[in-house]
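Structure data (compact mmCIF, C-alpha atoms and all ligand atoms) from work28.txt:
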```
# COMPACT_ATOMS: atom_id res chain seq x y z
CA MET A 24 0.00 0.00 0.00
CA SER A 25 1.42 3.43 -0.90
CA GLU A 26 2.03 5.92 1.88
CA ARG A 27 -0.62 8.23 0.41
CA ARG A 28 -3.25 5.50 0.66
CA GLU A 29 -2.11 4.81 4.23
CA TYR A 30 -2.69 8.48 5.06
CA ALA A 31 -6.17 8.33 3.62
CA ALA A 32 -6.98 5.29 5.76
CA PHE A 33 -5.58 6.93 8.88
CA ALA A 34 -7.47 10.16 8.22
CA THR A 35 -10.73 8.28 7.74
CA ARG A 36 -10.40 6.86 11.23
CA THR A 37 -9.51 10.14 12.91
CA THR A 38 -10.33 13.24 10.86
CA PRO A 39 -13.34 15.05 12.27
CA ARG A 40 -13.94 17.11 9.12
CA PRO A 41 -12.83 17.28 5.50
CA SER A 42 -9.91 19.48 4.55
CA PRO A 43 -9.93 21.72 1.46
CA CYS A 44 -6.51 20.40 0.44
CA ALA A 45 -6.31 18.81 -2.95
CA GLU A 46 -3.26 16.94 -1.72
CA VAL A 47 -1.29 16.30 1.47
CA ARG A 48 1.81 14.25 0.75
CA VAL A 49 5.46 13.66 1.52
CA ALA A 50 7.46 16.45 -0.10
CA ALA A 51 9.90 16.14 -2.97
CA LEU A 52 12.87 18.44 -3.57
CA ASP A 53 10.65 20.63 -5.81
CA ASP A 54 8.60 21.53 -2.75
CA VAL A 55 11.57 22.96 -0.83
CA GLU A 56 11.59 26.46 -2.37
CA PRO A 57 7.87 27.16 -1.81
CA ALA A 58 8.26 25.78 1.72
CA VAL A 59 11.21 28.14 2.32
CA ALA A 60 9.04 31.05 1.13
CA LEU A 61 6.40 30.04 3.69
CA ALA A 62 8.91 29.41 6.50
CA VAL A 63 10.37 32.92 6.32
CA THR A 64 6.92 34.44 6.80
CA VAL A 65 6.77 33.13 10.39
CA SER A 66 10.45 33.06 11.34
CA THR A 67 13.28 35.49 11.91
CA ALA A 68 15.77 32.90 10.57
CA GLY A 69 16.96 33.52 7.02
CA ALA A 70 16.02 31.71 3.83
CA GLN A 71 19.34 29.87 3.45
CA GLY A 72 19.07 28.22 6.87
CA TRP A 73 15.51 27.13 6.09
CA ARG A 74 16.56 25.84 2.68
CA GLU A 75 19.19 23.60 4.30
CA ARG A 76 16.82 22.38 7.06
CA LEU A 77 13.93 21.64 4.71
CA GLN A 78 16.19 19.94 2.19
CA ARG A 79 17.53 17.68 4.98
CA ASP A 80 13.92 16.86 5.89
CA VAL A 81 13.30 15.68 2.32
CA GLU A 82 16.54 13.77 1.92
CA GLN A 83 17.13 12.02 5.24
CA PRO A 84 15.25 8.81 6.07
CA ASP A 85 14.75 9.72 9.74
CA ARG A 86 12.92 12.95 8.81
CA ALA A 87 10.04 13.95 6.57
CA LEU A 88 8.48 17.08 5.18
CA LEU A 89 4.73 16.85 4.51
CA VAL A 90 3.19 19.48 2.27
CA ALA A 91 -0.37 20.60 1.67
CA ARG A 92 -1.16 21.90 -1.79
CA VAL A 93 -4.26 23.46 -3.26
CA ASP A 94 -3.94 23.31 -7.02
CA ASP A 95 -0.30 24.30 -7.62
CA LEU A 96 0.02 26.36 -4.47
CA LEU A 97 1.86 25.14 -1.37
CA VAL A 98 -0.40 26.30 1.48
CA GLY A 99 1.26 24.58 4.44
CA TYR A 100 3.86 22.16 5.65
CA ALA A 101 4.62 19.93 8.62
CA ARG A 102 8.10 18.73 9.50
CA THR A 103 8.75 15.56 11.43
CA GLY A 104 11.88 13.72 12.45
CA HIS A 105 13.54 11.38 14.89
CA VAL A 106 15.25 13.51 17.54
CA VAL A 107 18.06 12.34 19.79
CA PRO A 108 18.44 15.05 22.44
CA GLY A 109 21.94 15.98 23.59
CA PRO A 110 23.27 15.29 27.11
CA GLU A 111 22.03 18.69 28.39
CA ASP A 112 18.50 18.19 27.03
CA THR A 113 15.63 16.78 29.05
CA ALA A 114 13.16 16.03 26.27
CA PRO A 115 12.73 12.33 25.47
CA GLU A 116 14.18 10.75 22.34
CA GLY A 117 11.61 9.98 19.67
CA TRP A 118 9.78 11.15 16.59
CA TYR A 119 8.69 14.79 16.89
CA LEU A 120 6.54 17.18 14.95
CA THR A 121 9.37 19.67 14.42
CA GLY A 122 7.49 22.35 12.51
CA LEU A 123 4.01 23.27 11.33
CA VAL A 124 3.03 26.31 9.26
CA VAL A 125 -0.08 27.17 7.29
CA ALA A 126 -0.15 30.26 5.04
CA ALA A 127 -2.13 33.03 6.79
CA GLN A 128 -4.90 33.18 4.17
CA TRP A 129 -5.50 29.40 4.44
CA ARG A 130 -5.82 29.12 8.23
CA ARG A 131 -8.92 27.85 10.06
CA GLN A 132 -9.87 25.63 7.13
CA GLY A 133 -8.52 22.30 8.36
CA VAL A 134 -5.14 22.45 6.61
CA GLY A 135 -3.09 22.32 9.84
CA GLU A 136 -5.18 19.41 11.07
CA ALA A 137 -4.71 17.52 7.77
CA LEU A 138 -0.94 18.05 7.95
CA VAL A 139 -0.67 16.82 11.54
CA LEU A 140 -2.75 13.75 10.72
CA ALA A 141 -0.46 13.07 7.74
CA ALA A 142 2.54 13.38 10.07
CA CYS A 143 0.84 10.96 12.49
CA ALA A 144 0.32 8.47 9.67
CA HIS A 145 3.91 8.81 8.50
CA VAL A 146 5.31 8.30 12.00
CA ALA A 147 2.85 5.50 12.83
CA MET A 148 4.77 3.34 10.35
CA ARG A 149 7.97 4.01 12.34
CA ALA A 150 7.05 4.51 16.02
CA ASP A 151 4.19 4.25 18.50
CA VAL A 152 4.28 7.87 19.68
CA LEU A 153 4.48 11.28 18.03
CA TRP A 154 5.88 14.00 20.31
CA SER A 155 5.40 17.71 19.84
CA THR A 156 6.11 20.96 21.66
CA TYR A 157 4.60 24.41 21.51
CA ASP A 158 4.86 27.73 23.30
CA GLU A 159 2.01 27.85 25.80
CA GLU A 160 1.05 31.31 24.51
CA ASN A 161 0.41 29.85 21.04
CA LEU A 162 -3.31 29.20 21.50
CA ALA A 163 -3.85 28.06 17.89
CA SER A 164 -1.21 25.37 18.33
CA ALA A 165 -2.47 24.40 21.80
CA HIS A 166 -6.05 24.00 20.56
CA LEU A 167 -4.99 22.14 17.44
CA HIS A 168 -2.92 19.63 19.43
CA ALA A 169 -5.73 19.11 21.95
CA ALA A 170 -8.31 18.66 19.18
CA LEU A 171 -6.17 15.92 17.65
CA GLY A 172 -5.74 13.95 20.86
CA PHE A 173 -2.28 15.02 21.99
CA ARG A 174 -1.97 14.89 25.78
CA VAL A 175 0.21 17.17 27.85
CA VAL A 176 3.23 15.44 29.38
CA TRP A 177 5.19 18.40 30.71
CA ARG A 178 4.96 22.18 31.02
CA GLY A 179 7.96 24.43 31.52
CA ASP A 180 11.50 24.17 30.26
CA VAL A 181 11.27 21.27 27.83
CA GLY A 182 15.03 21.13 27.19
CA PHE A 183 14.69 20.42 23.50
CA PRO A 184 17.59 21.39 21.21
CA ALA A 185 15.57 23.72 18.96
CA GLN A 186 13.69 25.55 21.72
CA PRO A 187 14.77 29.05 22.70
CA LEU A 188 15.24 29.34 26.46
CA GLY A 189 13.02 31.60 28.51
CA SER A 190 9.69 30.59 27.00
CA ARG A 191 7.04 28.38 28.58
CA TRP A 192 6.96 25.25 26.50
CA VAL A 193 4.46 22.45 26.56
CA LEU A 194 5.56 18.92 25.71
CA VAL A 195 2.75 16.74 24.34
CA GLN A 196 2.45 13.26 22.91
CA ARG A 197 -0.05 11.37 20.79
CA LEU A 198 -0.18 7.58 20.92
CA LEU A 199 -0.28 6.21 17.40
CA ALA A 200 -0.86 2.52 17.92
CA GLN A 201 -4.35 1.66 16.68
C1 LIG A 301 -1.11 26.71 14.16
C2 LIG A 301 -1.51 26.63 12.70
C3 LIG A 301 -0.56 25.69 11.97
C4 LIG A 301 -2.95 26.08 12.60
O1 LIG A 301 -3.23 25.82 11.23
P1 LIG A 301 -4.75 25.87 10.67
O2 LIG A 301 -4.73 25.34 9.31
O3 LIG A 301 -5.30 27.23 10.86
O4 LIG A 301 -5.47 24.86 11.66
P2 LIG A 301 -6.88 24.14 11.40
O5 LIG A 301 -7.75 24.98 10.53
O6 LIG A 301 -6.61 22.76 10.93
O7 LIG A 301 -7.49 24.14 12.86
C5 LIG A 301 -7.74 22.94 13.57
C6 LIG A 301 -8.12 23.28 14.97
O8 LIG A 301 -7.03 23.92 15.64
C7 LIG A 301 -7.53 24.95 16.51
N1 LIG A 301 -7.11 26.28 16.03
C8 LIG A 301 -6.50 26.59 14.87
N2 LIG A 301 -6.25 27.91 14.81
C9 LIG A 301 -6.73 28.43 15.95
C10 LIG A 301 -6.76 29.77 16.48
N3 LIG A 301 -6.24 30.82 15.80
N4 LIG A 301 -7.30 29.94 17.71
C11 LIG A 301 -7.81 28.90 18.41
N5 LIG A 301 -7.83 27.62 17.95
C12 LIG A 301 -7.29 27.40 16.73
C13 LIG A 301 -9.04 24.80 16.48
O9 LIG A 301 -9.39 23.84 17.45
C14 LIG A 301 -9.25 24.29 15.09
O10 LIG A 301 -10.48 23.65 14.91
P3 LIG A 301 -11.78 24.59 14.57
O11 LIG A 301 -11.40 25.49 13.44
O12 LIG A 301 -12.82 23.56 14.20
O13 LIG A 301 -12.08 25.35 15.81
C15 LIG A 301 -1.50 28.04 12.01
O14 LIG A 301 -2.22 28.94 12.82
C16 LIG A 301 -0.08 28.59 11.81
O15 LIG A 301 0.57 28.31 10.80
N6 LIG A 301 0.39 29.43 12.76
C17 LIG A 301 1.75 30.02 12.66
C18 LIG A 301 2.84 28.99 12.89
C19 LIG A 301 2.65 28.23 14.20
O16 LIG A 301 2.36 28.79 15.25
N7 LIG A 301 2.84 26.90 14.11
C20 LIG A 301 2.71 25.99 15.24
C21 LIG A 301 4.02 25.81 15.94
S1 LIG A 301 3.90 24.55 17.19
```

Can I see the file as structure tokens?
Ligand SMILES: CC(C)(COP(=O)(O)OP(=O)(O)OC[C@H]1O[C@@H](n2cnc3c(N)ncnc32)[C@H](O)[C@@H]1OP(=O)(O)O)[C@@H](O)C(=O)NCCC(=O)NCCS
Amino acid sequence: MSERREYAAFATRTTPRPSPCAEVRVAALDDVEPAVALAVTVSTAGAQGWRERLQRDVEQPDRALLVARVDDLLVGYARTGHVVPGPEDTAPEGWYLTGLVVAAQWRRQGVGEALVLAACAHVAMRADVLWSTYDEENLASAHLHAALGFRVVWRGDVGFPAQPLGSRWVLVQRLLAQ
């Protein structure tokens, strides 16, 4: 069974509403540039750094970039990957949702939800748990994670390599075993 068909089966069991996306799929290298253009709209990091990160997501087997497209337009992406925290980090090792962005004009239409469910389906073939973190002030992210069945494991300093210090982070997990 192709991964896309697996996603469809997973979504049928868990998606509470249809998404407007024509397609949510694992990205190819062609998707990197439009994803970079989207990444820089929500980040202070520069385009080159995003290009390298997103290209690694596409190329490395322990990572994946999922993209949502409507017609020929990339309207959102989710990043996922297996993270091995360093000795100073307190977050558990495992597969994480490492990024999620939906273009501003496409929000509140189910695109973020469709991307996270695609990430769940991708990781479900590799692990039993998908971990994620968000800033507790990010209400959109908090509500989205709660709506999709992620449960809070820890609040505070998550000790995850990519997290800036000084924010209040929430560590959540979703069990994937069906
Ligand atoms: C967070 C984000 C990805 C959500 O994407 P989205 O496509 O708008 O999400 P969806 O339409 O699939 O929303 C699914 C659910 O999430 C919650 N949600 C999404 N946006 C919300 C908001 N602004 N306020 C409150 N709840 C929100 C709701 O429960 C929503 O269901 P509902 O619309 O039926 O109420 C998007 O707002 C975004 O790109 N934000 C900037 C980047 C970011 O913060 N990423 C997350 C980092 S962890």

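For stretch 110-125 of chain A, the non-local neighbours within 8 Å, defined as residues at least 5 positions apart in the same chain or in other chains and counting only C-alpha atoms, are Leu61, Ala62, Val65, Val98, Gly99, Tyr100, Ala101, Arg102, Thr103, Gly104, His105, Arg130, Val134, Gly135, Leu138, Val139, Ala142, Val146, Ala150, Val152, Leu153, Trp154, Ser155, Thr156, Val181, Gly182, Phe183 and Pro184 of chain A.
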
Around all the atoms of ligand LIG 301 (chain A) listed in the file, draw an axis-aligned box and extend it by 4 Å on each of the six sides; I want its centre and edge lengths in Å to one decimal, as lines of an AutoDock Vina configuration file.
```
center_x = -4.4
center_y = 26.8
center_z = 13.9
size_x = 24.8
size_y = 16.1
size_z = 17.1
```

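From atom CA of A:Ala50 back to atom CA of A:Glu159, the distance works out to 28.8 Å.
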
Selected residue, from A:His168, A:Arg178, A:Arg197, A:Arg131, that lies nearest to ligand LIG 301 (chain A) when counting all atoms listed in the file: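 Closest to ligand LIG 301 (chain A), using all atoms listed in the file: A:Arg131.
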
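Distance annotation: of A:Glu75, A:Glu136, A:Asp151, A:Asp158, the residue with the minimal separation from ligand LIG 301 (chain A) is A:Glu136; atom set is only C-alpha atoms and all ligand atoms.
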
Interatomic distance, atom CA of A:Gly179 to atom CA of A:His145 (Å, one decimal):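 Answer for the atom CA of A:Gly179 to atom CA of A:His145 separation: 28.1 Å.
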
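The shortest atom-to-atom distance to A:Cys143, with all atoms listed in the file taken into account, belongs to A:Leu199 out of A:Val176, A:Leu199, A:Val90, A:Leu194.
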
Spatial neighbours of A:Val59, max dist 9 Å, only C-alpha atoms, sep filter under 3 positions, as a list in words: Asp54, Val55, Glu56, Ala62, Val63, Thr64, Ala70, Gln71, Trp73, Arg74 and Leu77 of chain A

How would stretch 74-103 of chain A look with N, CA and C atoms restored, written as a PDB file, in the frame of the given file?
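Result written to rebuild.pdb:
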```pdb
ATOM      1  N   ARG A  74      16.335  26.681   3.854  1.00  0.00           N
ATOM      2  CA  ARG A  74      16.560  25.840   2.680  1.00  0.00           C
ATOM      3  C   ARG A  74      17.320  24.572   3.083  1.00  0.00           C
ATOM      4  N   GLU A  75      18.379  24.763   3.891  1.00  0.00           N
ATOM      5  CA  GLU A  75      19.190  23.600   4.300  1.00  0.00           C
ATOM      6  C   GLU A  75      18.387  22.655   5.181  1.00  0.00           C
ATOM      7  N   ARG A  76      17.620  23.223   6.145  1.00  0.00           N
ATOM      8  CA  ARG A  76      16.820  22.380   7.060  1.00  0.00           C
ATOM      9  C   ARG A  76      15.756  21.588   6.275  1.00  0.00           C
ATOM     10  N   LEU A  77      15.048  22.290   5.415  1.00  0.00           N
ATOM     11  CA  LEU A  77      13.930  21.640   4.710  1.00  0.00           C
ATOM     12  C   LEU A  77      14.445  20.611   3.696  1.00  0.00           C
ATOM     13  N   GLN A  78      15.595  20.910   3.112  1.00  0.00           N
ATOM     14  CA  GLN A  78      16.190  19.940   2.190  1.00  0.00           C
ATOM     15  C   GLN A  78      16.613  18.680   2.951  1.00  0.00           C
ATOM     16  N   ARG A  79      17.178  18.856   4.145  1.00  0.00           N
ATOM     17  CA  ARG A  79      17.530  17.680   4.980  1.00  0.00           C
ATOM     18  C   ARG A  79      16.277  16.872   5.294  1.00  0.00           C
ATOM     19  N   ASP A  80      15.176  17.570   5.591  1.00  0.00           N
ATOM     20  CA  ASP A  80      13.920  16.860   5.890  1.00  0.00           C
ATOM     21  C   ASP A  80      13.508  15.959   4.729  1.00  0.00           C
ATOM     22  N   VAL A  81      13.705  16.461   3.510  1.00  0.00           N
ATOM     23  CA  VAL A  81      13.300  15.680   2.320  1.00  0.00           C
ATOM     24  C   VAL A  81      14.252  14.520   2.088  1.00  0.00           C
ATOM     25  N   GLU A  82      15.538  14.753   2.341  1.00  0.00           N
ATOM     26  CA  GLU A  82      16.540  13.770   1.920  1.00  0.00           C
ATOM     27  C   GLU A  82      16.843  12.689   2.949  1.00  0.00           C
ATOM     28  N   GLN A  83      16.679  12.989   4.231  1.00  0.00           N
ATOM     29  CA  GLN A  83      17.130  12.020   5.240  1.00  0.00           C
ATOM     30  C   GLN A  83      15.997  11.081   5.649  1.00  0.00           C
ATOM     31  N   PRO A  84      16.307   9.788   5.797  1.00  0.00           N
ATOM     32  CA  PRO A  84      15.250   8.810   6.070  1.00  0.00           C
ATOM     33  C   PRO A  84      14.628   8.929   7.464  1.00  0.00           C
ATOM     34  N   ASP A  85      15.316   9.578   8.398  1.00  0.00           N
ATOM     35  CA  ASP A  85      14.750   9.720   9.740  1.00  0.00           C
ATOM     36  C   ASP A  85      14.048  11.074   9.908  1.00  0.00           C
ATOM     37  N   ARG A  86      13.681  11.700   8.802  1.00  0.00           N
ATOM     38  CA  ARG A  86      12.920  12.950   8.810  1.00  0.00           C
ATOM     39  C   ARG A  86      11.924  12.910   7.673  1.00  0.00           C
ATOM     40  N   ALA A  87      10.935  13.801   7.730  1.00  0.00           N
ATOM     41  CA  ALA A  87      10.040  13.950   6.570  1.00  0.00           C
ATOM     42  C   ALA A  87       9.447  15.345   6.573  1.00  0.00           C
ATOM     43  N   LEU A  88       9.218  15.832   5.384  1.00  0.00           N
ATOM     44  CA  LEU A  88       8.480  17.080   5.180  1.00  0.00           C
ATOM     45  C   LEU A  88       7.173  16.706   4.505  1.00  0.00           C
ATOM     46  N   LEU A  89       6.042  17.088   5.110  1.00  0.00           N
ATOM     47  CA  LEU A  89       4.730  16.850   4.510  1.00  0.00           C
ATOM     48  C   LEU A  89       4.239  18.199   4.005  1.00  0.00           C
ATOM     49  N   VAL A  90       3.682  18.215   2.811  1.00  0.00           N
ATOM     50  CA  VAL A  90       3.190  19.480   2.270  1.00  0.00           C
ATOM     51  C   VAL A  90       1.719  19.371   1.914  1.00  0.00           C
ATOM     52  N   ALA A  91       1.026  20.503   2.091  1.00  0.00           N
ATOM     53  CA  ALA A  91      -0.370  20.600   1.670  1.00  0.00           C
ATOM     54  C   ALA A  91      -0.412  21.539   0.478  1.00  0.00           C
ATOM     55  N   ARG A  92      -1.064  21.080  -0.587  1.00  0.00           N
ATOM     56  CA  ARG A  92      -1.160  21.900  -1.790  1.00  0.00           C
ATOM     57  C   ARG A  92      -2.610  22.044  -2.192  1.00  0.00           C
ATOM     58  N   VAL A  93      -2.970  23.229  -2.625  1.00  0.00           N
ATOM     59  CA  VAL A  93      -4.260  23.460  -3.260  1.00  0.00           C
ATOM     60  C   VAL A  93      -3.932  23.901  -4.672  1.00  0.00           C
ATOM     61  N   ASP A  94      -4.378  23.121  -5.635  1.00  0.00           N
ATOM     62  CA  ASP A  94      -3.940  23.310  -7.020  1.00  0.00           C
ATOM     63  C   ASP A  94      -2.403  23.295  -7.032  1.00  0.00           C
ATOM     64  N   ASP A  95      -1.767  24.319  -7.573  1.00  0.00           N
ATOM     65  CA  ASP A  95      -0.300  24.300  -7.620  1.00  0.00           C
ATOM     66  C   ASP A  95       0.328  25.074  -6.489  1.00  0.00           C
ATOM     67  N   LEU A  96      -0.472  25.482  -5.531  1.00  0.00           N
ATOM     68  CA  LEU A  96       0.020  26.360  -4.470  1.00  0.00           C
ATOM     69  C   LEU A  96       0.325  25.572  -3.207  1.00  0.00           C
ATOM     70  N   LEU A  97       1.539  25.756  -2.664  1.00  0.00           N
ATOM     71  CA  LEU A  97       1.860  25.140  -1.370  1.00  0.00           C
ATOM     72  C   LEU A  97       1.253  26.029  -0.281  1.00  0.00           C
ATOM     73  N   VAL A  98       0.318  25.484   0.495  1.00  0.00           N
ATOM     74  CA  VAL A  98      -0.400  26.300   1.480  1.00  0.00           C
ATOM     75  C   VAL A  98      -0.003  25.952   2.915  1.00  0.00           C
ATOM     76  N   GLY A  99       0.822  24.915   3.092  1.00  0.00           N
ATOM     77  CA  GLY A  99       1.260  24.580   4.440  1.00  0.00           C
ATOM     78  C   GLY A  99       2.233  23.434   4.430  1.00  0.00           C
ATOM     79  N   TYR A 100       2.976  23.319   5.522  1.00  0.00           N
ATOM     80  CA  TYR A 100       3.860  22.160   5.650  1.00  0.00           C
ATOM     81  C   TYR A 100       3.962  21.734   7.106  1.00  0.00           C
ATOM     82  N   ALA A 101       4.287  20.464   7.296  1.00  0.00           N
ATOM     83  CA  ALA A 101       4.620  19.930   8.620  1.00  0.00           C
ATOM     84  C   ALA A 101       5.962  19.224   8.492  1.00  0.00           C
ATOM     85  N   ARG A 102       6.814  19.426   9.484  1.00  0.00           N
ATOM     86  CA  ARG A 102       8.100  18.730   9.500  1.00  0.00           C
ATOM     87  C   ARG A 102       8.043  17.688  10.623  1.00  0.00           C
ATOM     88  N   THR A 103       8.654  16.555  10.376  1.00  0.00           N
ATOM     89  CA  THR A 103       8.750  15.560  11.430  1.00  0.00           C
ATOM     90  C   THR A 103      10.103  14.871  11.342  1.00  0.00           C
TER      91      THR A 103
END
```
